[in-house]
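Enquirer: Have a look at this one.
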Amino acid sequence: MVSQLPAQSADLDKLAPSGQFAVAVVSNLQRSRSSSDRRGLVLILLSSDLGTYIRRLLARVAEKACTILRTYLGLSYREVSVSQDMAHRLAVVGRKTLVLDLDETLVHSCYLDPDTHDNVGCSQLPEHAQPDYVLNISIDGMEPIVFRVFKRPHVDEFLDFVSKWYDLVIYTASLEVYAAQVVDHLDAGRGLITRRFYRQHCRASSPMVSKDLTLVTPDMSGVLIIDNSPYAYRDFPDNAIPIKTFIYDPDDTELLKMLPFLDALRFTKDVRSILGRRVIRHYYNRSTISSHH
Amino acid sequence: MEDTDQEDLLAFERRLAEVVNTEKRSSLRWRFVLGAIFACSAISACHWVRDAKESESVVFQILSSQSAFAFSLATICLLIFYGFNHATKQDPSILRDTQEMLSPFRLNIDNQGRLILLPRQTE
């Protein structure tokens, strides 16, 4: 019947019933072809690099959506309740002291040097950067210097958590007149940071200052310091947790990453059991000092 | 290794395992939520198709006539679902962050929160 269709095209009107059948046949062919196309499409999507790329893209989109949702809801670290035996362990080992550096660990500041008229600490700041605090600091009766202070992301949340776990101490190599104001802003009236040590409490030795943790507490088993500068804690390597230097990075998450570690560390009797395992590399500064001798 | 060190490492490990495993349970919960949402979507889609077929709606006629487009749309939905499922199956970020924090101290942690002591490298 189908093969006869072209030959009898002149008499198509007379063969109306046959015409309907021909239309049905054409529909079947079209459907069949569509089915073949569908199978090919499935194979392409599932087995080729395009499929892999699409899967990775969607996974990334989903992860990004979760991140946005998490940020929107304010969920970034949820405190895990302490089990009974761990609570007993915590009571036995006692509360420890956490020493925090200030500049380039919790905040980053940028100011104009009145002597050289150079911007200090501003080279990596974009034009649109908005400081969290603007301080006018007058040093030794000179004209006030404007400090633009940027908080490390999640620093408020970090301080909320660690203040529940540790006694907090700020130990900075900055001048007291500047650091006191910055710490007051960080504390924001919460009374979390009452003990503070400034530049006058540091050990002065060329070329860099270091920090004397024995001033904080004589018991070295319960004190730990977080500092971006390894030289600051060179005299107490078994009590130190390194952290990356912070210079204006809105996506920085170093403080959040540290929370589970700090949470678990308070259950130790001696923090040096964990922190003493750190791999200590030899610094060039030490080599330089040796070469001078 | 001294007894104090061993005891401290055990306490450290137990607390770290509590924190990490709680996060993993949260991930599992999200997968259940996702499965439930997908099931509800599938059921509601079936109801919608039935209603559309009975009422001879324009949308259903368009979809049925363009079978290739309808199939592509379904495929895209499946791929989106697969992507979300893949995202939720990933290791929780708290595990990766903790491993990164532990590496300077020659420590590592597995998926169950067990502590792995790495030996000191001889230089």
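Letters for chains follow the order of the structure tokens (A, B, ...), residue numbers begin at 1 for each chain, and ligand numbers begin at 1 in the order shown.
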Up to 8 Å from chain A, what residues of chain B turn up? Count only C-alpha atoms and give them as an MDAnalysis selection string.

Expert: chainID B and resid 4:5 7:9 11:13 15:16 18:19 22 68 71 79:80 82:84 86:87 94 97:98 101:102 104:106

Enquirer: Could you dump the residues just selected with N, CA, C and O atoms as a tab-separated table (two decimals), in the first residue's frame?

Expert:
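Contents of again.tsv, as written:
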```
chain	number	residue	atom	x	y	z
B	4	THR	N	50.62	10.16	79.87
B	4	THR	CA	49.83	11.39	79.75
B	4	THR	C	49.54	11.70	78.30
B	4	THR	O	48.41	12.06	77.94
B	5	ASP	N	50.55	11.56	77.44
B	5	ASP	CA	50.34	11.83	76.02
B	5	ASP	C	49.27	10.91	75.44
B	5	ASP	O	48.38	11.34	74.72
B	7	GLU	N	46.89	9.27	76.99
B	7	GLU	CA	45.58	9.60	77.56
B	7	GLU	C	45.00	10.84	76.91
B	7	GLU	O	43.81	10.90	76.57
B	8	ASP	N	45.85	11.84	76.70
B	8	ASP	CA	45.38	13.09	76.08
B	8	ASP	C	44.96	12.85	74.63
B	8	ASP	O	43.95	13.40	74.17
B	9	LEU	N	45.73	12.03	73.91
B	9	LEU	CA	45.37	11.75	72.53
B	9	LEU	C	44.02	11.04	72.46
B	9	LEU	O	43.20	11.32	71.58
B	11	ALA	N	41.51	11.26	74.66
B	11	ALA	CA	40.45	12.22	74.97
B	11	ALA	C	40.23	13.16	73.79
B	11	ALA	O	39.09	13.48	73.43
B	12	PHE	N	41.32	13.60	73.18
B	12	PHE	CA	41.23	14.48	72.02
B	12	PHE	C	40.47	13.79	70.89
B	12	PHE	O	39.58	14.38	70.26
B	13	GLU	N	40.79	12.51	70.67
B	13	GLU	CA	40.14	11.76	69.59
B	13	GLU	C	38.65	11.59	69.86
B	13	GLU	O	37.82	11.75	68.96
B	15	ARG	N	36.55	13.43	71.60
B	15	ARG	CA	35.79	14.66	71.41
B	15	ARG	C	35.70	15.02	69.94
B	15	ARG	O	34.65	15.42	69.44
B	16	LEU	N	36.81	14.84	69.22
B	16	LEU	CA	36.81	15.15	67.79
B	16	LEU	C	35.84	14.25	67.04
B	16	LEU	O	35.14	14.70	66.13
B	18	GLU	N	33.13	12.92	68.29
B	18	GLU	CA	31.78	13.40	68.60
B	18	GLU	C	31.39	14.55	67.67
B	18	GLU	O	30.29	14.56	67.10
B	19	VAL	N	32.29	15.49	67.49
B	19	VAL	CA	31.99	16.67	66.67
B	19	VAL	C	31.79	16.27	65.21
B	19	VAL	O	30.81	16.66	64.57
B	22	THR	N	28.62	14.04	64.53
B	22	THR	CA	27.37	14.80	64.61
B	22	THR	C	27.11	15.51	63.29
B	22	THR	O	25.99	15.56	62.80
B	68	ALA	N	10.17	15.09	22.30
B	68	ALA	CA	11.61	15.25	22.54
B	68	ALA	C	11.86	16.29	23.63
B	68	ALA	O	12.67	16.08	24.53
B	71	PHE	N	10.96	14.91	27.05
B	71	PHE	CA	11.97	13.99	27.57
B	71	PHE	C	13.22	14.74	28.03
B	71	PHE	O	13.81	14.42	29.07
B	79	LEU	N	18.97	15.11	36.20
B	79	LEU	CA	20.37	15.51	36.40
B	79	LEU	C	20.50	16.47	37.58
B	79	LEU	O	21.45	16.39	38.35
B	80	ILE	N	19.55	17.38	37.70
B	80	ILE	CA	19.59	18.31	38.84
B	80	ILE	C	19.49	17.53	40.14
B	80	ILE	O	20.22	17.76	41.10
B	82	TYR	N	20.36	14.47	40.59
B	82	TYR	CA	21.61	13.74	40.78
B	82	TYR	C	22.69	14.66	41.34
B	82	TYR	O	23.47	14.28	42.22
B	83	GLY	N	22.73	15.89	40.84
B	83	GLY	CA	23.73	16.84	41.32
B	83	GLY	C	23.55	17.14	42.80
B	83	GLY	O	24.50	17.13	43.57
B	84	PHE	N	22.32	17.38	43.21
B	84	PHE	CA	22.06	17.66	44.62
B	84	PHE	C	22.42	16.44	45.47
B	84	PHE	O	23.00	16.57	46.55
B	86	HIS	N	24.59	14.18	44.77
B	86	HIS	CA	26.05	14.09	44.80
B	86	HIS	C	26.64	15.08	45.79
B	86	HIS	O	27.58	14.78	46.51
B	87	ALA	N	26.06	16.27	45.84
B	87	ALA	CA	26.56	17.29	46.75
B	87	ALA	C	26.37	16.85	48.20
B	87	ALA	O	27.26	17.01	49.04
B	94	ILE	N	33.37	19.90	57.53
B	94	ILE	CA	34.05	19.91	58.83
B	94	ILE	C	35.15	18.86	58.86
B	94	ILE	O	36.18	19.04	59.51
B	97	ASP	N	38.09	20.33	56.84
B	97	ASP	CA	38.71	21.42	57.59
B	97	ASP	C	39.53	20.88	58.75
B	97	ASP	O	40.63	21.36	59.03
B	98	THR	N	38.99	19.87	59.44
B	98	THR	CA	39.70	19.31	60.58
B	98	THR	C	40.98	18.62	60.13
B	98	THR	O	42.02	18.74	60.78
B	101	MET	N	43.51	21.22	59.63
B	101	MET	CA	44.01	21.75	60.90
B	101	MET	C	44.98	20.79	61.57
B	101	MET	O	45.92	21.21	62.24
B	102	LEU	N	44.75	19.48	61.40
B	102	LEU	CA	45.57	18.49	62.10
B	102	LEU	C	46.90	18.24	61.41
B	102	LEU	O	47.83	17.73	62.04
B	104	PRO	N	49.54	20.01	60.46
B	104	PRO	CA	50.82	20.48	61.02
B	104	PRO	C	51.28	19.67	62.24
B	104	PRO	O	52.46	19.72	62.59
B	105	PHE	N	50.38	18.95	62.89
B	105	PHE	CA	50.72	18.22	64.10
B	105	PHE	C	50.90	16.73	63.84
B	105	PHE	O	50.82	15.92	64.76
B	106	ARG	N	51.13	16.36	62.59
B	106	ARG	CA	51.36	14.96	62.21
B	106	ARG	C	50.19	14.08	62.65
B	106	ARG	O	50.39	12.98	63.16
```

Enquirer: Excluding Leu95 in chain B and residues on its chain fewer than 3 positions from it, collect all residues at most 10 Å away from it, counting only C-alpha atoms, and give them as a PyMOL selection string.

Expert: (chain A and resi 257+260) or (chain B and resi 16-17+19-21+23-24+91-92+98-101+109-113)

Enquirer: So that I can check the secondary structure, give me every residue of range 81-235 of chain A assigned strand (DSSP E) by backbone DSSP, as an mmCIF file with N, CA and C atoms, in the first residue's frame.

Expert:
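Ended up saving to result.cif:
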```cif
data_model
loop_
_atom_site.group_PDB
_atom_site.id
_atom_site.type_symbol
_atom_site.label_atom_id
_atom_site.label_comp_id
_atom_site.auth_asym_id
_atom_site.auth_seq_id
_atom_site.Cartn_x
_atom_site.Cartn_y
_atom_site.Cartn_z
ATOM 1 N N LYS A 96 41.454 25.959 80.452
ATOM 2 C CA LYS A 96 42.749 26.374 79.932
ATOM 3 C C LYS A 96 42.689 27.822 79.461
ATOM 4 N N THR A 97 43.860 28.333 79.072
ATOM 5 C CA THR A 97 43.988 29.723 78.646
ATOM 6 C C THR A 97 44.354 29.766 77.175
ATOM 7 N N LEU A 98 43.613 30.575 76.419
ATOM 8 C CA LEU A 98 43.860 30.740 74.993
ATOM 9 C C LEU A 98 44.387 32.147 74.754
ATOM 10 N N VAL A 99 45.603 32.231 74.221
ATOM 11 C CA VAL A 99 46.245 33.510 73.946
ATOM 12 C C VAL A 99 46.074 33.810 72.462
ATOM 13 N N LEU A 100 45.538 34.987 72.163
ATOM 14 C CA LEU A 100 45.247 35.352 70.787
ATOM 15 C C LEU A 100 46.082 36.557 70.389
ATOM 16 N N VAL A 107 42.361 40.770 63.264
ATOM 17 C CA VAL A 107 42.011 41.961 62.484
ATOM 18 C C VAL A 107 43.170 42.305 61.569
ATOM 19 N N HIS A 108 42.900 43.207 60.630
ATOM 20 C CA HIS A 108 43.958 43.797 59.815
ATOM 21 C C HIS A 108 43.721 45.295 59.790
ATOM 22 N N SER A 109 44.776 46.072 59.960
ATOM 23 C CA SER A 109 44.606 47.523 59.999
ATOM 24 C C SER A 109 45.474 48.180 58.937
ATOM 25 N N CYS A 110 45.029 49.361 58.529
ATOM 26 C CA CYS A 110 45.660 50.112 57.457
ATOM 27 C C CYS A 110 45.677 51.569 57.909
ATOM 28 N N TYR A 111 46.837 52.218 57.799
ATOM 29 C CA TYR A 111 46.919 53.599 58.262
ATOM 30 C C TYR A 111 47.936 54.359 57.430
ATOM 31 N N LEU A 112 47.906 55.690 57.553
ATOM 32 C CA LEU A 112 48.825 56.567 56.840
ATOM 33 C C LEU A 112 49.929 56.990 57.796
ATOM 34 N N ASN A 119 51.099 54.763 52.899
ATOM 35 C CA ASN A 119 50.036 53.922 53.442
ATOM 36 C C ASN A 119 50.636 52.601 53.902
ATOM 37 N N VAL A 120 50.449 52.277 55.160
ATOM 38 C CA VAL A 120 50.996 51.039 55.720
ATOM 39 C C VAL A 120 49.878 50.000 55.807
ATOM 40 N N TYR A 133 35.997 49.274 61.614
ATOM 41 C CA TYR A 133 36.196 50.363 62.576
ATOM 42 C C TYR A 133 37.117 51.403 61.955
ATOM 43 N N VAL A 134 36.893 52.662 62.328
ATOM 44 C CA VAL A 134 37.815 53.741 61.979
ATOM 45 C C VAL A 134 38.233 54.392 63.289
ATOM 46 N N LEU A 135 39.524 54.314 63.601
ATOM 47 C CA LEU A 135 40.015 54.802 64.885
ATOM 48 C C LEU A 135 40.934 55.987 64.661
ATOM 49 N N ASN A 136 40.847 56.958 65.556
ATOM 50 C CA ASN A 136 41.791 58.078 65.569
ATOM 51 C C ASN A 136 42.700 57.902 66.773
ATOM 52 N N ILE A 137 43.950 57.572 66.500
ATOM 53 C CA ILE A 137 44.893 57.252 67.567
ATOM 54 C C ILE A 137 45.908 58.386 67.665
ATOM 55 N N ILE A 145 46.376 59.766 64.158
ATOM 56 C CA ILE A 145 46.531 58.932 62.971
ATOM 57 C C ILE A 145 45.236 58.143 62.781
ATOM 58 N N VAL A 146 44.761 58.098 61.543
ATOM 59 C CA VAL A 146 43.525 57.385 61.250
ATOM 60 C C VAL A 146 43.861 55.942 60.899
ATOM 61 N N PHE A 147 43.317 55.014 61.690
ATOM 62 C CA PHE A 147 43.482 53.583 61.435
ATOM 63 C C PHE A 147 42.173 53.031 60.884
ATOM 64 N N ARG A 148 42.259 52.349 59.761
ATOM 65 C CA ARG A 148 41.101 51.616 59.241
ATOM 66 C C ARG A 148 41.291 50.143 59.588
ATOM 67 N N VAL A 149 40.378 49.612 60.385
ATOM 68 C CA VAL A 149 40.522 48.263 60.920
ATOM 69 C C VAL A 149 39.486 47.352 60.269
ATOM 70 N N PHE A 150 39.954 46.199 59.764
ATOM 71 C CA PHE A 150 39.087 45.205 59.131
ATOM 72 C C PHE A 150 39.098 43.944 59.988
ATOM 73 N N LYS A 151 37.919 43.487 60.367
ATOM 74 C CA LYS A 151 37.825 42.262 61.158
ATOM 75 C C LYS A 151 37.992 41.049 60.248
ATOM 76 N N TYR A 166 37.494 28.603 76.849
ATOM 77 C CA TYR A 166 38.805 28.975 77.362
ATOM 78 C C TYR A 166 38.720 30.336 78.051
ATOM 79 N N ASP A 167 39.735 30.602 78.887
ATOM 80 C CA ASP A 167 39.958 31.972 79.337
ATOM 81 C C ASP A 167 40.747 32.684 78.239
ATOM 82 N N LEU A 168 40.241 33.816 77.790
ATOM 83 C CA LEU A 168 40.840 34.493 76.645
ATOM 84 C C LEU A 168 41.831 35.554 77.102
ATOM 85 N N VAL A 169 42.933 35.631 76.378
ATOM 86 C CA VAL A 169 43.959 36.644 76.618
ATOM 87 C C VAL A 169 44.390 37.189 75.265
ATOM 88 N N ILE A 170 44.474 38.508 75.152
ATOM 89 C CA ILE A 170 45.024 39.129 73.946
ATOM 90 C C ILE A 170 46.479 39.475 74.216
ATOM 91 N N TYR A 171 47.348 39.025 73.335
ATOM 92 C CA TYR A 171 48.778 39.306 73.471
ATOM 93 C C TYR A 171 49.251 39.810 72.110
ATOM 94 N N ARG A 195 41.998 40.158 80.033
ATOM 95 C CA ARG A 195 43.449 40.178 80.204
ATOM 96 C C ARG A 195 44.105 40.525 78.875
ATOM 97 N N ARG A 196 44.989 41.514 78.933
ATOM 98 C CA ARG A 196 45.607 41.993 77.698
ATOM 99 C C ARG A 196 47.082 42.245 77.936
ATOM 100 N N PHE A 197 47.886 41.901 76.939
ATOM 101 C CA PHE A 197 49.318 42.169 76.976
ATOM 102 C C PHE A 197 49.693 42.859 75.678
ATOM 103 N N VAL A 223 48.180 26.389 78.542
ATOM 104 C CA VAL A 223 48.155 27.645 77.788
ATOM 105 C C VAL A 223 48.523 27.351 76.343
ATOM 106 N N LEU A 224 47.787 27.973 75.410
ATOM 107 C CA LEU A 224 48.091 27.824 73.995
ATOM 108 C C LEU A 224 47.932 29.185 73.330
ATOM 109 N N ILE A 225 48.738 29.406 72.281
ATOM 110 C CA ILE A 225 48.740 30.693 71.599
ATOM 111 C C ILE A 225 48.442 30.480 70.122
ATOM 112 N N ILE A 226 47.611 31.357 69.568
ATOM 113 C CA ILE A 226 47.323 31.365 68.137
ATOM 114 C C ILE A 226 47.926 32.639 67.570
ATOM 115 N N ASP A 227 48.865 32.483 66.648
ATOM 116 C CA ASP A 227 49.565 33.634 66.101
ATOM 117 C C ASP A 227 49.942 33.332 64.659
#
```

Enquirer: Give me the residues within 12 Å of Ile139 in chain A as a ChimeraX atom specification, counting only C-alpha atoms and dropping any in the same chain fewer than 3 places off.

Expert: /A:113-114,136,142-146,175-178

Enquirer: I need the chosen residues saved as a compact mmCIF listing (two decimals), in the first residue's frame, with N, CA, C and O atoms.

Expert:
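selection_38.txt, written as the output of this step:
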```txt
# COMPACT_ATOMS: atom_id res chain seq x y z
N ASP A 113 51.17 56.65 57.44
CA ASP A 113 52.30 56.99 58.30
C ASP A 113 52.55 58.50 58.23
O ASP A 113 52.80 59.03 57.15
N PRO A 114 52.48 59.21 59.36
CA PRO A 114 52.65 60.67 59.29
C PRO A 114 54.06 61.10 58.93
O PRO A 114 54.25 62.19 58.39
N ASN A 136 40.85 56.96 65.56
CA ASN A 136 41.79 58.08 65.57
C ASN A 136 42.70 57.90 66.77
O ASN A 136 42.27 58.06 67.92
N MET A 142 51.11 63.48 69.44
CA MET A 142 51.22 63.91 68.06
C MET A 142 49.83 64.04 67.44
O MET A 142 48.82 63.73 68.06
N GLU A 143 49.82 64.48 66.18
CA GLU A 143 48.55 64.59 65.48
C GLU A 143 47.92 63.21 65.33
O GLU A 143 48.62 62.23 65.09
N PRO A 144 46.59 63.10 65.47
CA PRO A 144 45.97 61.77 65.44
C PRO A 144 46.18 61.08 64.09
O PRO A 144 46.16 61.71 63.03
N ILE A 145 46.38 59.77 64.16
CA ILE A 145 46.53 58.93 62.97
C ILE A 145 45.24 58.14 62.78
O ILE A 145 44.69 57.59 63.74
N VAL A 146 44.76 58.10 61.54
CA VAL A 146 43.53 57.38 61.25
C VAL A 146 43.86 55.94 60.90
O VAL A 146 44.60 55.68 59.95
N LEU A 175 51.19 48.72 69.92
CA LEU A 175 51.18 49.66 71.04
C LEU A 175 49.85 49.59 71.77
O LEU A 175 48.80 49.35 71.17
N GLU A 176 49.90 49.85 73.07
CA GLU A 176 48.71 49.72 73.90
C GLU A 176 47.64 50.73 73.50
O GLU A 176 46.45 50.42 73.50
N VAL A 177 48.07 51.93 73.13
CA VAL A 177 47.09 52.99 72.84
C VAL A 177 46.23 52.60 71.63
O VAL A 177 45.05 52.95 71.56
N TYR A 178 46.81 51.86 70.69
CA TYR A 178 46.05 51.39 69.52
C TYR A 178 45.31 50.10 69.83
O TYR A 178 44.11 49.98 69.57
```

Enquirer: Just to confirm, what's the straight-line distance from CA of Ile76 in chain B to CA of Val49 in chain B in Å (one decimal)?

Expert: 18.1 Å

Enquirer: Name the residues in contact with Asp252 in chain A at a cut-off of 12 Å, using only C-alpha atoms, excluding same-chain residues fewer than 2 positions from it; report them as a VMD selection string.

Expert: chain A and resid 104 to 107 151 to 155 243 to 250 254 to 257

Enquirer: Could those selected residues go to a file with N, CA, C and O atoms, as a CSV table (one decimal), in the first residue's frame?

Expert:
```
chain,number,residue,atom,x,y,z
A,104,GLU,N,46.6,40.9,62.0
A,104,GLU,CA,46.8,39.8,61.0
A,104,GLU,C,46.4,38.5,61.5
A,104,GLU,O,46.7,37.5,60.8
A,105,THR,N,45.8,38.4,62.7
A,105,THR,CA,45.2,37.2,63.2
A,105,THR,C,43.7,37.3,63.4
A,105,THR,O,42.9,36.6,62.9
A,106,LEU,N,43.4,38.4,64.1
A,106,LEU,CA,41.9,38.6,64.3
A,106,LEU,C,41.5,39.8,63.5
A,106,LEU,O,40.3,39.9,63.1
A,107,VAL,N,42.4,40.8,63.3
A,107,VAL,CA,42.0,42.0,62.5
A,107,VAL,C,43.2,42.3,61.6
A,107,VAL,O,44.3,41.8,61.7
A,151,LYS,N,37.9,43.5,60.4
A,151,LYS,CA,37.8,42.3,61.2
A,151,LYS,C,38.0,41.0,60.2
A,151,LYS,O,37.5,41.0,59.1
A,152,ARG,N,38.6,40.0,60.8
A,152,ARG,CA,38.7,38.8,60.0
A,152,ARG,C,37.3,38.2,60.0
A,152,ARG,O,36.6,38.2,61.0
A,153,PRO,N,36.9,37.6,58.9
A,153,PRO,CA,35.5,37.0,58.8
A,153,PRO,C,35.3,36.0,59.9
A,153,PRO,O,36.2,35.2,60.3
A,154,HIS,N,34.1,36.0,60.5
A,154,HIS,CA,33.7,35.1,61.5
A,154,HIS,C,34.4,35.3,62.9
A,154,HIS,O,34.3,34.5,63.7
A,155,VAL,N,35.0,36.5,63.1
A,155,VAL,CA,35.8,36.6,64.3
A,155,VAL,C,34.8,36.8,65.5
A,155,VAL,O,35.1,36.3,66.6
A,243,ILE,N,48.4,29.9,62.3
A,243,ILE,CA,47.3,30.4,61.5
A,243,ILE,C,47.8,31.2,60.4
A,243,ILE,O,48.8,31.9,60.5
A,244,LYS,N,47.1,31.2,59.3
A,244,LYS,CA,47.5,32.0,58.1
A,244,LYS,C,47.3,33.5,58.4
A,244,LYS,O,46.4,33.9,59.1
A,245,THR,N,48.2,34.3,57.8
A,245,THR,CA,48.1,35.7,57.9
A,245,THR,C,46.8,36.2,57.2
A,245,THR,O,46.5,35.8,56.1
A,246,PHE,N,46.2,37.1,57.9
A,246,PHE,CA,44.9,37.7,57.4
A,246,PHE,C,45.2,39.1,56.9
A,246,PHE,O,45.6,40.0,57.7
A,247,ILE,N,45.0,39.4,55.6
A,247,ILE,CA,45.1,40.7,55.1
A,247,ILE,C,43.9,40.9,54.1
A,247,ILE,O,44.0,40.6,52.9
A,248,TYR,N,42.8,41.3,54.6
A,248,TYR,CA,41.6,41.6,53.9
A,248,TYR,C,41.2,40.5,52.9
A,248,TYR,O,41.6,40.5,51.7
A,249,ASP,N,40.6,39.4,53.4
A,249,ASP,CA,40.0,38.4,52.5
A,249,ASP,C,38.6,38.1,53.0
A,249,ASP,O,38.4,37.4,54.0
A,250,PRO,N,37.6,38.6,52.3
A,250,PRO,CA,36.2,38.4,52.8
A,250,PRO,C,35.8,36.9,52.8
A,250,PRO,O,34.8,36.6,53.5
A,254,GLU,N,39.5,30.7,58.2
A,254,GLU,CA,40.5,30.0,59.0
A,254,GLU,C,40.0,29.9,60.5
A,254,GLU,O,40.2,28.9,61.1
A,255,LEU,N,39.3,30.9,60.9
A,255,LEU,CA,38.8,30.9,62.3
A,255,LEU,C,37.8,29.8,62.5
A,255,LEU,O,37.7,29.1,63.6
A,256,LEU,N,36.9,29.6,61.5
A,256,LEU,CA,35.9,28.5,61.7
A,256,LEU,C,36.5,27.2,61.6
A,256,LEU,O,36.1,26.2,62.3
A,257,LYS,N,37.5,27.0,60.7
A,257,LYS,CA,38.2,25.7,60.6
A,257,LYS,C,38.8,25.3,61.9
A,257,LYS,O,39.0,24.1,62.2
```

Enquirer: Which parts of range 64-141 of chain A does DSSP call alpha helix (DSSP H) when run on the backbone here, written out as a list of chain:residue names?

Expert: A:Lys64, A:Ala65, A:Cys66, A:Thr67, A:Ile68, A:Leu69, A:Arg70, A:Thr71, A:Tyr72, A:Leu73, A:Gln84, A:Asp85, A:Met86, A:Ala87, A:His88, A:Arg89, A:Leu90, A:Ala91, A:Val92, A:Val93

Enquirer: Based on the selection just made, write N, CA and C atoms of those residues as a PDB file, in the first residue's frame.

Expert:
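File part_34.pdb, as written:
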```pdb
ATOM      1  N   LYS A  64      27.131  25.616  46.227  1.00  0.00           N
ATOM      2  CA  LYS A  64      27.059  27.071  46.371  1.00  0.00           C
ATOM      3  C   LYS A  64      25.735  27.476  47.003  1.00  0.00           C
ATOM      4  N   ALA A  65      24.648  26.830  46.562  1.00  0.00           N
ATOM      5  CA  ALA A  65      23.343  27.150  47.135  1.00  0.00           C
ATOM      6  C   ALA A  65      23.321  26.826  48.620  1.00  0.00           C
ATOM      7  N   CYS A  66      23.908  25.666  48.978  1.00  0.00           N
ATOM      8  CA  CYS A  66      23.958  25.311  50.400  1.00  0.00           C
ATOM      9  C   CYS A  66      24.755  26.336  51.181  1.00  0.00           C
ATOM     10  N   THR A  67      25.864  26.802  50.598  1.00  0.00           N
ATOM     11  CA  THR A  67      26.684  27.793  51.293  1.00  0.00           C
ATOM     12  C   THR A  67      25.902  29.077  51.515  1.00  0.00           C
ATOM     13  N   ILE A  68      25.199  29.520  50.475  1.00  0.00           N
ATOM     14  CA  ILE A  68      24.423  30.753  50.596  1.00  0.00           C
ATOM     15  C   ILE A  68      23.337  30.584  51.648  1.00  0.00           C
ATOM     16  N   LEU A  69      22.667  29.431  51.591  1.00  0.00           N
ATOM     17  CA  LEU A  69      21.607  29.164  52.560  1.00  0.00           C
ATOM     18  C   LEU A  69      22.169  29.154  53.969  1.00  0.00           C
ATOM     19  N   ARG A  70      23.344  28.519  54.112  1.00  0.00           N
ATOM     20  CA  ARG A  70      23.978  28.437  55.427  1.00  0.00           C
ATOM     21  C   ARG A  70      24.306  29.830  55.939  1.00  0.00           C
ATOM     22  N   THR A  71      24.872  30.640  55.053  1.00  0.00           N
ATOM     23  CA  THR A  71      25.227  32.003  55.462  1.00  0.00           C
ATOM     24  C   THR A  71      23.980  32.792  55.820  1.00  0.00           C
ATOM     25  N   TYR A  72      22.930  32.604  55.012  1.00  0.00           N
ATOM     26  CA  TYR A  72      21.702  33.356  55.247  1.00  0.00           C
ATOM     27  C   TYR A  72      21.100  32.982  56.593  1.00  0.00           C
ATOM     28  N   LEU A  73      21.127  31.698  56.914  1.00  0.00           N
ATOM     29  CA  LEU A  73      20.554  31.254  58.179  1.00  0.00           C
ATOM     30  C   LEU A  73      21.497  31.491  59.345  1.00  0.00           C
ATOM     31  N   GLN A  84      28.493  12.566  78.898  1.00  0.00           N
ATOM     32  CA  GLN A  84      28.698  12.585  80.350  1.00  0.00           C
ATOM     33  C   GLN A  84      30.134  12.289  80.737  1.00  0.00           C
ATOM     34  N   ASP A  85      30.715  11.234  80.140  1.00  0.00           N
ATOM     35  CA  ASP A  85      32.079  10.893  80.530  1.00  0.00           C
ATOM     36  C   ASP A  85      33.066  11.963  80.082  1.00  0.00           C
ATOM     37  N   MET A  86      32.786  12.608  78.943  1.00  0.00           N
ATOM     38  CA  MET A  86      33.665  13.685  78.515  1.00  0.00           C
ATOM     39  C   MET A  86      33.504  14.901  79.422  1.00  0.00           C
ATOM     40  N   ALA A  87      32.301  15.130  79.921  1.00  0.00           N
ATOM     41  CA  ALA A  87      32.102  16.235  80.859  1.00  0.00           C
ATOM     42  C   ALA A  87      32.894  15.983  82.138  1.00  0.00           C
ATOM     43  N   HIS A  88      32.914  14.723  82.562  1.00  0.00           N
ATOM     44  CA  HIS A  88      33.702  14.369  83.746  1.00  0.00           C
ATOM     45  C   HIS A  88      35.188  14.608  83.479  1.00  0.00           C
ATOM     46  N   ARG A  89      35.628  14.214  82.288  1.00  0.00           N
ATOM     47  CA  ARG A  89      37.032  14.428  81.910  1.00  0.00           C
ATOM     48  C   ARG A  89      37.355  15.920  81.920  1.00  0.00           C
ATOM     49  N   LEU A  90      36.416  16.716  81.431  1.00  0.00           N
ATOM     50  CA  LEU A  90      36.639  18.161  81.372  1.00  0.00           C
ATOM     51  C   LEU A  90      36.783  18.743  82.771  1.00  0.00           C
ATOM     52  N   ALA A  91      35.979  18.244  83.703  1.00  0.00           N
ATOM     53  CA  ALA A  91      36.067  18.736  85.076  1.00  0.00           C
ATOM     54  C   ALA A  91      37.414  18.389  85.698  1.00  0.00           C
ATOM     55  N   VAL A  92      37.961  17.227  85.315  1.00  0.00           N
ATOM     56  CA  VAL A  92      39.239  16.800  85.888  1.00  0.00           C
ATOM     57  C   VAL A  92      40.389  17.650  85.360  1.00  0.00           C
ATOM     58  N   VAL A  93      40.407  17.897  84.037  1.00  0.00           N
ATOM     59  CA  VAL A  93      41.572  18.561  83.455  1.00  0.00           C
ATOM     60  C   VAL A  93      41.535  20.071  83.677  1.00  0.00           C
TER      61      VAL A  93
END
```

Enquirer: How far is it from CA of Leu115 in chain B to CA of Asp160 in chain A, in Å with one decimal?

Expert: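 According to the coordinates, CA of Leu115 in chain B and CA of Asp160 in chain A are separated by 27.2 Å.
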